[in-house]
Amino acid sequence: MTLPALLQVLASGLLMGLLYALIAVGLSLIFGLMDVVNFAHGEFLMTAMYVVFGLWLVTALDPVLLVPVTAAVLFAAGAFVYLAVIRFAMRAKANIGMVQIFATFGLAILIQGLAQFLFSPDYRSIPTSWLGNRTLAIGDVFLPLPQVFGGLISLLAFAGLYLLMNRTDLGKALEATREDQGAVALVGIDRNKVFALGWGLGSALVGLAGAVLAIFYYIHPQVGGPFALIAYVVVALGGFGSVFGALAAGLIVGLVEAFAATLLPPAMKSIAVYLLYLGVVFLRPRGLFGRL
Amino acid sequence: MTVNRRGILLGTVAAALFGRAAPALAAQEIVIGAVYPTSGPNAQIGVDARHALETAVDIVNAVHDIDLPTAKSEGIAGLGGARIRLVFADHQGDPQKGRAEAERLITQDKVVAVIGAFHSSVSSTVSVTCERYGVPYMCADSSSPSLHRRNLKFFFRPSAHDELFSLAMFDFLDAQRAAGMKVETVALFHEDTIFGTDSSNVQRKLAGDRGYDIAVDIKYRANSPSLTSEVQQLKSADADVLMPSSYTTDAILLVRTMGELGYKPKNILAQAAGFSEKAVFDAAGEKLDGLISRASFSLDLAAKRPSIAYVNERFKARAGRDLNDNTSRQFMALLILADALDRAKSVEGEKVRAALAGTNIPAERTIMPWSNCAFGPDGQNTGADPVLIQYLGGKWVTVFPEAVAVAGAKWPMAS
């Protein structure tokens, strides 16, 4: 492999990895907060992509400008899903894990069905944007601008998340609720409110990822599946509930995938990712940065 | 209208009680099963297939003054004007779901024949189920060459398979080379299910036989989130002709990634599938100007055959898009089946099969660029000549073979 080719694979892997991390971190956040694995995570991503697409159709604004709006819409959607579905699923008296799995899994099927009904199963894409189809060429290394933008958004989101978790009351409330749900009620923290905020925050993060993805990827009711699968691997690899584990694991998965596709037959590139995951499960079941 | 639980319950009970009596009442109705993906990644294919098949049913059931089989009569004349009714089933691109749905259509809906299935992998299981029950299977739009080589008696494929398509592609490349163009290396890029695998096997063999170097041969994972590394390899190989065998999702991603990595192939010669879908050209049409795809259909043939424009207009009113490679084949498969039913004067599986085997429809009575429609003993149409079409200025132009070409090919595509 020549040096430019190596640098290209490295750059592509890192950019994709930052995006994988951003997709996964919301999942990890929600799990860390309340031990619920959201099986509709890929559908949240898909919803965000359709939100961008719909807003772009109606307002004709550039998708780059629509990124924060989409995150806000997804924040509301996430909080709503908690208040309308998850809150009730958590009241189950027996087999609470199963009830949560089926509730979010059912939600996934519902969102997919709704998307196909409302938007038809046609493949959509946003053909023009400021960033679309543009590439930053450094020597022989090509950095597609939409993905560079995605990488920056991802880094900003992680920085923001770090500040939020460590420097604000909301962050302390999230951390406290994660430590002991019963005890926080005694000091006057409304558990439901914190959980709703957590779901909103987790969804807003995947909303950011979806909004960026919509600039350069196709939009389809089933688009979330492959990304969600990678997100589960990222979360498990980084450690369930660990926000910065998700960042590290996202980068690792992106790099492993990029190098595997170059060194192995490309049809087998996911095998490398899952082998890595299996290795972690055997050797360090709580993930790289897990606290469980 | 209010629907309550009791109403649904009563309805179900009534359907169960009287369901058996229903076929006797509907003697004037022929039920045909259609197995297509209407959910899952290729759901749009199924949605369009429904429009195509319903357009065909309308041509059969109502009187139309065009020269297509069973168009001029009301219903199917040979069966006393019986009308066709379609029952759709969703296979989601899954061979096992396809098999189960075919079984349900045959045993419960009592379909006379089954049409399907887009995915070659699904056609493979559905056709075996049909064979077991002695029900004809019209393989409208699955193109894997292995499908008609399994000694199935009830399998019929009116359109070409990937061997014929790939042959046409290499005939075209030979013609370019003979005309003094530089065509030495090809890059194979194919997805990892039966479609991509079969297609690339044939292309690999033909490239070897005819003296083209394979610069790179990439089998990639279908529906992958990223194709960056794969495209990187295509770019470093920079072959004279890129030959992709991809469904819609991967086709969109491939074209966009090529743009992002600054790779502009000298020529693209595609095994249709995704590259005949509108969504791909909506997403990145400007990058595909000059792309050549194999096809079973060319809309510009309408200048010679008025029935094509007539059918296209009717299809477009339903689907909001022009007939393409897939929908034209689905439409024609149903008409060929209706023609056989007309001659069989029966809905018995064995008799319909015999009538299908005796099919002989001249080219002018189809909407396809075939020489005719007549099935060999393996159920493959022997007159299914493929064409090559080129995407120029937002339109498809037939460029090969010369007999049906409207214009010469622009080669290399980016010149």
# chains A, B, ... in the order shown; residues from 1 in each chain; ligands from 1
call {"tool": "interface_residues", "arguments": {"of": "chain A", "to": "chain B", "cutoff": "9 Å", "atoms": "only C-alpha atoms", "output": "PyMOL selection string"}}
result
chain A and resi 5+8-9+12-13+16+113+116+120-127+132-137+141-145+216-218+220-223+226-227+257-262+265-270
call {"tool": "select_by_dssp", "arguments": {"residues": "stretch 77-289 of chain A", "states": "strand (DSSP E or B)", "output": "JSON, numbers by chain"}}
result
{"A": [124, 135, 136, 137, 138, 141, 142, 143, 144, 219]}
call {"tool": "write_last_selection", "arguments": {"atoms": "C-alpha atoms", "output": "PDB file, in the first residue's frame"}}
result
ATOM      1  CA  ARG A 124     -34.661  10.255  -1.763  1.00  0.00           C
ATOM      2  CA  THR A 135     -14.050  17.611  -1.819  1.00  0.00           C
ATOM      3  CA  LEU A 136     -11.023  18.976  -0.054  1.00  0.00           C
ATOM      4  CA  ALA A 137      -7.947  17.580  -1.769  1.00  0.00           C
ATOM      5  CA  ILE A 138      -4.711  17.569   0.218  1.00  0.00           C
ATOM      6  CA  VAL A 141      -5.877  12.513  -0.125  1.00  0.00           C
ATOM      7  CA  PHE A 142      -9.503  13.428  -0.715  1.00  0.00           C
ATOM      8  CA  LEU A 143     -11.674  14.636   2.144  1.00  0.00           C
ATOM      9  CA  PRO A 144     -15.325  14.937   1.142  1.00  0.00           C
ATOM     10  CA  ILE A 219     -32.831   8.627   2.485  1.00  0.00           C
TER      11      ILE A 219
END
call {"tool": "residues_around", "arguments": {"residues": "B:Arg329", "least_positions_apart": "4", "cutoff": "7 Å", "atoms": "only C-alpha atoms", "output": "compact mmCIF listing (two decimals) with N, CA and C atoms, in the first residue's frame"}}
result
# COMPACT_ATOMS: atom_id res chain seq x y z
N ALA B 140 -40.57 -12.70 -14.37
CA ALA B 140 -40.65 -11.49 -15.18
C ALA B 140 -39.32 -10.76 -15.28
N ASP B 141 -38.63 -10.62 -14.15
CA ASP B 141 -37.54 -9.65 -14.11
C ASP B 141 -36.35 -10.08 -13.28
N SER B 159 -37.76 -12.60 -20.68
CA SER B 159 -36.71 -11.64 -21.03
C SER B 159 -35.33 -12.26 -20.86
N ASP B 325 -36.59 -0.59 -17.38
CA ASP B 325 -36.15 -1.95 -17.60
C ASP B 325 -37.00 -2.96 -16.83
N ALA B 333 -44.66 -9.69 -19.09
CA ALA B 333 -44.82 -11.05 -18.56
C ALA B 333 -46.29 -11.37 -18.35
call {"tool": "residues_around", "arguments": {"residues": "B:Asp109", "least_positions_apart": "2", "cutoff": "10 Å", "atoms": "only C-alpha atoms", "output": "ChimeraX atom specification"}}
result
/B:23,31-33,87,102-107,111-112
call {"tool": "write_last_selection", "arguments": {"atoms": "C-alpha atoms", "output": "CSV table (one decimal), in the first residue's frame"}}
result
chain,number,residue,atom,x,y,z
B,23,PRO,CA,-64.5,-19.2,-6.0
B,31,VAL,CA,-56.6,-15.0,-10.0
B,32,ILE,CA,-52.9,-14.4,-10.5
B,33,GLY,CA,-50.4,-14.1,-7.8
B,87,VAL,CA,-53.2,-10.9,-5.5
B,102,ALA,CA,-46.0,-18.4,-2.9
B,103,GLU,CA,-47.2,-21.4,-1.0
B,104,ARG,CA,-50.0,-19.3,0.6
B,105,LEU,CA,-51.0,-17.8,-2.8
B,106,ILE,CA,-51.3,-21.3,-4.3
B,107,THR,CA,-53.0,-23.1,-1.5
B,111,VAL,CA,-53.9,-18.6,-8.0
B,112,VAL,CA,-53.6,-19.9,-11.6
call {"tool": "residues_around", "arguments": {"residues": "stretch 161-170 of chain B", "least_positions_apart": "6", "cutoff": "8 Å", "atoms": "only C-alpha atoms", "output": "tab-separated table (two decimals) with N, CA and C atoms, in the first residue's frame"}}
result
chain	number	residue	atom	x	y	z
B	142	SER	N	-36.21	-11.38	-13.02
B	142	SER	CA	-35.00	-11.85	-12.35
B	142	SER	C	-34.08	-12.36	-13.43
B	143	SER	N	-32.81	-11.98	-13.38
B	143	SER	CA	-31.99	-12.22	-14.56
B	143	SER	C	-30.82	-13.17	-14.35
B	144	SER	N	-30.76	-13.86	-13.20
B	144	SER	CA	-29.63	-14.77	-13.01
B	144	SER	C	-29.69	-15.94	-13.97
B	145	PRO	N	-28.57	-16.25	-14.66
B	145	PRO	CA	-28.59	-17.31	-15.65
B	145	PRO	C	-28.88	-18.68	-15.06
B	198	ASP	N	-23.50	-14.04	-9.88
B	198	ASP	CA	-23.71	-14.65	-11.21
B	198	ASP	C	-23.26	-13.69	-12.31
B	199	SER	N	-23.65	-12.44	-12.18
B	199	SER	CA	-23.32	-11.45	-13.20
B	199	SER	C	-21.80	-11.35	-13.38
B	202	VAL	N	-20.05	-14.41	-15.14
B	202	VAL	CA	-20.15	-14.38	-16.59
B	202	VAL	C	-19.19	-13.34	-17.17
B	203	GLN	N	-19.17	-12.16	-16.54
B	203	GLN	CA	-18.32	-11.09	-17.06
B	203	GLN	C	-16.84	-11.46	-16.97
B	206	LEU	N	-16.16	-13.92	-19.82
B	206	LEU	CA	-16.17	-13.26	-21.13
B	206	LEU	C	-14.94	-12.37	-21.31
B	207	ALA	N	-14.58	-11.67	-20.24
B	207	ALA	CA	-13.40	-10.79	-20.33
B	207	ALA	C	-12.17	-11.62	-20.66
B	269	LEU	N	-20.30	0.74	-17.84
B	269	LEU	CA	-21.19	-0.16	-18.57
B	269	LEU	C	-21.89	-1.01	-17.52
B	271	GLN	N	-24.80	-3.31	-15.38
B	271	GLN	CA	-25.75	-4.43	-15.46
B	271	GLN	C	-27.10	-3.95	-14.89
B	294	ARG	N	-27.15	-2.11	-19.81
B	294	ARG	CA	-27.88	-3.10	-20.61
B	294	ARG	C	-29.36	-2.91	-20.31
B	295	ALA	N	-30.21	-3.31	-21.20
B	295	ALA	CA	-31.63	-3.12	-20.97
B	295	ALA	C	-32.44	-4.15	-21.73
B	385	ASP	N	-33.65	-10.59	-27.21
B	385	ASP	CA	-32.41	-9.87	-27.49
B	385	ASP	C	-32.30	-8.65	-26.59
B	386	PRO	N	-31.19	-8.53	-25.88
B	386	PRO	CA	-31.01	-7.34	-25.06
B	386	PRO	C	-30.52	-6.15	-25.89
B	387	VAL	N	-30.64	-4.98	-25.35
B	387	VAL	CA	-30.10	-3.79	-26.00
B	387	VAL	C	-29.20	-3.06	-25.00
B	388	LEU	N	-28.41	-2.14	-25.49
B	388	LEU	CA	-27.66	-1.26	-24.60
B	388	LEU	C	-28.21	0.15	-24.79
B	401	PRO	N	-27.79	-3.18	-30.13
B	401	PRO	CA	-27.08	-3.40	-31.39
B	401	PRO	C	-27.54	-2.46	-32.51
call {"tool": "atom_distance", "arguments": {"atom1": "atom CA of B:Val216", "atom2": "atom CA of A:Leu7"}}
result
20.9 Å
call {"tool": "residues_around", "arguments": {"residues": "stretch 39-49 of chain A", "least_positions_apart": "6", "cutoff": "6 Å", "atoms": "only C-alpha atoms", "output": "ChimeraX atom specification"}}
result
/A:104-105,108,206-207,210-211,214,224-225,228
call {"tool": "write_last_selection", "arguments": {"atoms": "C-alpha atoms", "output": "short mmCIF file (atom, residue, chain, number, x, y, z; two decimals), in the first residue's frame"}}
result
data_model
loop_
_atom_site.label_atom_id
_atom_site.label_comp_id
_atom_site.auth_asym_id
_atom_site.auth_seq_id
_atom_site.Cartn_x
_atom_site.Cartn_y
_atom_site.Cartn_z
CA THR A 104 -38.74 -0.02 21.54
CA PHE A 105 -38.69 -2.78 18.91
CA ALA A 108 -39.03 0.78 15.40
CA VAL A 206 -28.61 11.07 16.69
CA GLY A 207 -30.62 13.87 15.04
CA GLY A 210 -28.95 12.08 10.67
CA ALA A 211 -28.95 15.68 9.53
CA ALA A 214 -28.76 13.34 4.80
CA GLY A 224 -31.31 3.20 9.78
CA GLY A 225 -30.73 -0.56 9.99
CA ALA A 228 -27.98 1.04 14.09
#
call {"tool": "atom_distance", "arguments": {"atom1": "atom CA of B:Leu299", "atom2": "atom CA of B:Tyr137"}}
result
26.7 Å
call {"tool": "closest_residue", "arguments": {"among": "B:Ala363, B:Val128, B:Met368, B:Ala414", "to": "B:Leu323", "atoms": "only C-alpha atoms"}}
result
B:Met368
call {"tool": "residues_around", "arguments": {"residues": "B:Ile292", "least_positions_apart": "6", "cutoff": "9 Å", "atoms": "only C-alpha atoms", "output": "ChimeraX atom specification"}}
result
/B:267-270,272,388-391,396,399,409,413
call {"tool": "atom_distance", "arguments": {"atom1": "atom CA of B:Lys97", "atom2": "atom CA of B:Ser328"}}
result
25.0 Å
call {"tool": "select_by_dssp", "arguments": {"residues": "stretch 280-373 of chain B", "states": "helix (DSSP H, G or I)", "output": "JSON, numbers by chain"}}
result
{"B": [280, 281, 282, 283, 284, 285, 286, 287, 288, 299, 300, 301, 302, 303, 306, 307, 308, 309, 310, 311, 312, 313, 314, 315, 316, 317, 318, 319, 325, 326, 327, 328, 329, 330, 331, 332, 333, 334, 335, 336, 337, 338, 339, 340, 341, 342, 343, 344, 349, 350, 351, 352, 353, 354, 355, 356, 357, 363, 364, 365]}
call {"tool": "decode", "arguments": {"residues": "stretch 137-206 of chain A", "atoms": "C-alpha atoms", "output": "tab-separated table (two decimals), in the first residue's frame"}}
result
chain	number	residue	atom	x	y	z
A	137	ALA	CA	-7.95	17.58	-1.77
A	138	ILE	CA	-4.71	17.57	0.22
A	139	GLY	CA	-2.15	16.08	-2.10
A	140	ASP	CA	-3.59	12.73	-3.13
A	141	VAL	CA	-5.88	12.51	-0.12
A	142	PHE	CA	-9.50	13.43	-0.72
A	143	LEU	CA	-11.67	14.64	2.14
A	144	PRO	CA	-15.33	14.94	1.14
A	145	LEU	CA	-16.61	18.20	2.65
A	146	PRO	CA	-19.92	16.78	3.94
A	147	GLN	CA	-18.00	14.20	5.93
A	148	VAL	CA	-15.48	16.75	7.20
A	149	PHE	CA	-18.46	18.83	8.31
A	150	GLY	CA	-19.94	15.73	9.95
A	151	GLY	CA	-16.67	15.08	11.75
A	152	LEU	CA	-16.55	18.66	13.07
A	153	ILE	CA	-20.16	18.47	14.23
A	154	SER	CA	-19.36	15.21	15.97
A	155	LEU	CA	-16.33	16.67	17.78
A	156	LEU	CA	-18.33	19.77	18.78
A	157	ALA	CA	-21.16	17.57	20.04
A	158	PHE	CA	-18.77	15.54	22.18
A	159	ALA	CA	-17.15	18.71	23.55
A	160	GLY	CA	-20.59	20.14	24.35
A	161	LEU	CA	-21.59	16.89	25.97
A	162	TYR	CA	-18.45	16.92	28.10
A	163	LEU	CA	-19.23	20.44	29.34
A	164	LEU	CA	-22.86	19.58	29.92
A	165	MET	CA	-22.07	16.49	31.96
A	166	ASN	CA	-19.34	18.08	34.06
A	167	ARG	CA	-20.17	21.74	34.40
A	168	THR	CA	-23.94	22.09	34.61
A	169	ASP	CA	-26.68	21.24	37.09
A	170	LEU	CA	-28.47	19.26	34.42
A	171	GLY	CA	-25.36	17.14	33.97
A	172	LYS	CA	-25.15	16.55	37.70
A	173	ALA	CA	-28.84	15.65	37.79
A	174	LEU	CA	-28.33	13.18	34.93
A	175	GLU	CA	-25.33	11.65	36.69
A	176	ALA	CA	-27.12	11.49	40.03
A	177	THR	CA	-30.22	9.90	38.53
A	178	ARG	CA	-28.02	7.33	36.83
A	179	GLU	CA	-26.37	6.52	40.16
A	180	ASP	CA	-29.52	6.10	42.20
A	181	GLN	CA	-33.00	6.72	40.86
A	182	GLY	CA	-34.64	6.43	44.27
A	183	ALA	CA	-32.31	8.76	46.12
A	184	VAL	CA	-32.64	11.65	43.69
A	185	ALA	CA	-36.37	11.77	44.33
A	186	LEU	CA	-35.58	12.51	47.99
A	187	VAL	CA	-33.62	15.63	47.07
A	188	GLY	CA	-36.40	16.92	44.85
A	189	ILE	CA	-35.25	15.85	41.40
A	190	ASP	CA	-38.16	14.73	39.23
A	191	ARG	CA	-37.04	11.42	37.80
A	192	ASN	CA	-39.44	11.59	34.85
A	193	LYS	CA	-38.21	15.02	33.90
A	194	VAL	CA	-34.58	13.92	33.93
A	195	PHE	CA	-35.37	10.82	31.91
A	196	ALA	CA	-37.36	12.84	29.36
A	197	LEU	CA	-34.44	15.25	29.07
A	198	GLY	CA	-32.08	12.30	28.67
A	199	TRP	CA	-34.16	10.85	25.87
A	200	GLY	CA	-34.41	14.27	24.27
A	201	LEU	CA	-30.66	14.73	24.46
A	202	GLY	CA	-29.90	11.25	23.13
A	203	SER	CA	-32.30	11.76	20.23
A	204	ALA	CA	-30.96	15.23	19.48
A	205	LEU	CA	-27.47	13.72	19.14
A	206	VAL	CA	-28.61	11.07	16.69
